[in-house]
Amino acid sequence: MVTASSSSAARRKTENNQLHLLVAASPTINAVRRFFYGSALALALAGCAENQITGRSQLLLVSESQAISQSAVAYNEMMGDFGKKKEIETGTARAAKVHEITNRLVAQAVRFRPDSANWKWEVQVINDPKTVNAFCMAGGKMAIYTGMWEKVHATDDEIAEVMGHEISHALLNHTQERMSVALSSQVGLAAAAIVLAPRDRTGLALTGAAAAAALAIQLPNSRESESEADQVGIELAARAGYDPAAAVTLWDKMGKLGGQPPEFLSTHPSPEHRSARLKELGGKLQPVYLTAKNTPPPAQQYLK
Ligand SMILES: [Zn+2]
């Protein structure tokens with residue numbers, strides 16, 4: 001159904017998923033990342049499984065159901081913490097729009113991966129205007145930070161591209177993959193506790209797989225994962241009626257924000273390459289987008 005998928009899938013103000021392009025990682029997180037990826041190499045042969053959508057081999061040390069249940073635990077803890085600090089935005093036009101856009105994307109995600117209709121999809125807007133970020137955990141638990149509007153001035157189409165990309169990471173089991181990397185080391189999880197409980201904030205009471213789930217959204221994806229999420233995400237958005245050209249304008253805008261490139265950029269496609277590829281994919285998807293825009297597909301209510 002997803003025709004563009006040719007080949008086959010602390011202050012908690014860290015960059016996540018595809019949005020790490022601009023935010024410089026803290027030294028602690030960089031150290032954690034280096035450690036985890038060293039561990040992942042050692043364990044690469046121990047728990048590999050072939051992804052049913054992409055055919056790519058993934059390190060999976062936790063089951064999908066475990067990834068989903070523990071992500072929900074971590075998400076609820078995180079949102080409870082944001083809620084206590086009154087940082088969850090509700091009742092605004094922006095929050096309503098995020099719900100509408102995300103629900104339309106989820107309706108397409110469910111067509112792409114029917115079992116995800118049973119996920120307890122949820123999205124929250126985090127009122128943190130300095131943070132340019134969004135994520136989707138295993139099982140469809142999502143958040144987007146208000147820096148996407150305040151700093152990037154993202155349009156609705158661009159928000160759809162962000163969320164489409166994040167949803168794709170979950171659909172393609174990337175969160176499960178990164179949780180496995182985190183769980184591959186108890187020492188790594190101890191370091192995770194430092195990241196998750198920064199001195200100036202209330203710490204999260206998470207251990208084991210739930211801590212790994214929270215950490216997973218702070219760890220970088222591989223180049224392959226990013227490429228897969230770009231491809232599936234832009235198509236989900238087009239099928240939901242959002243302009244694929246927005247994927248390119250989004251990257252251009254983010255590129256102009258400045259800031260230090262993160263250390264893992266070396267394992268990611270260069271911004272120029274990524275922009276060119278999104279442009280090519282977007283061109284192919286223009287007819288899909290125009291059809292969906294002119295005749296919006298029905299979107300059942302999936303969000304909690
Ligand atoms: Zn990503």
# chains A, B, ... in the order shown; residues from 1 in each chain; ligands from 1

$ select_by_dssp --residues "stretch 92-179 of chain A" --states "helix (DSSP H, G or I)" --output "ChimeraX atom specification"
/A:93-112,114-118,147-150,156-171,174-179

$ closest_residue --among "A:Gln66, A:Asn127, A:Gln286, A:Ser225" --to "ligand 1" --atoms "only C-alpha atoms and all ligand atoms"
A:Ser225

$ closest_residue --among "A:Leu219, A:Ala213, A:Ala72, A:Ala182" --to "ligand 1" --atoms "only C-alpha atoms and all ligand atoms"
A:Leu219

$ atom_distance --atom1 "atom CA of A:Val132" --atom2 "atom CA of A:Val98"
15.1 Å

$ closest_residue --among "A:Phe135, A:Ala154, A:Ala238, A:Gln300" --to "ligand 1" --atoms "only C-alpha atoms and all ligand atoms"
A:Phe135
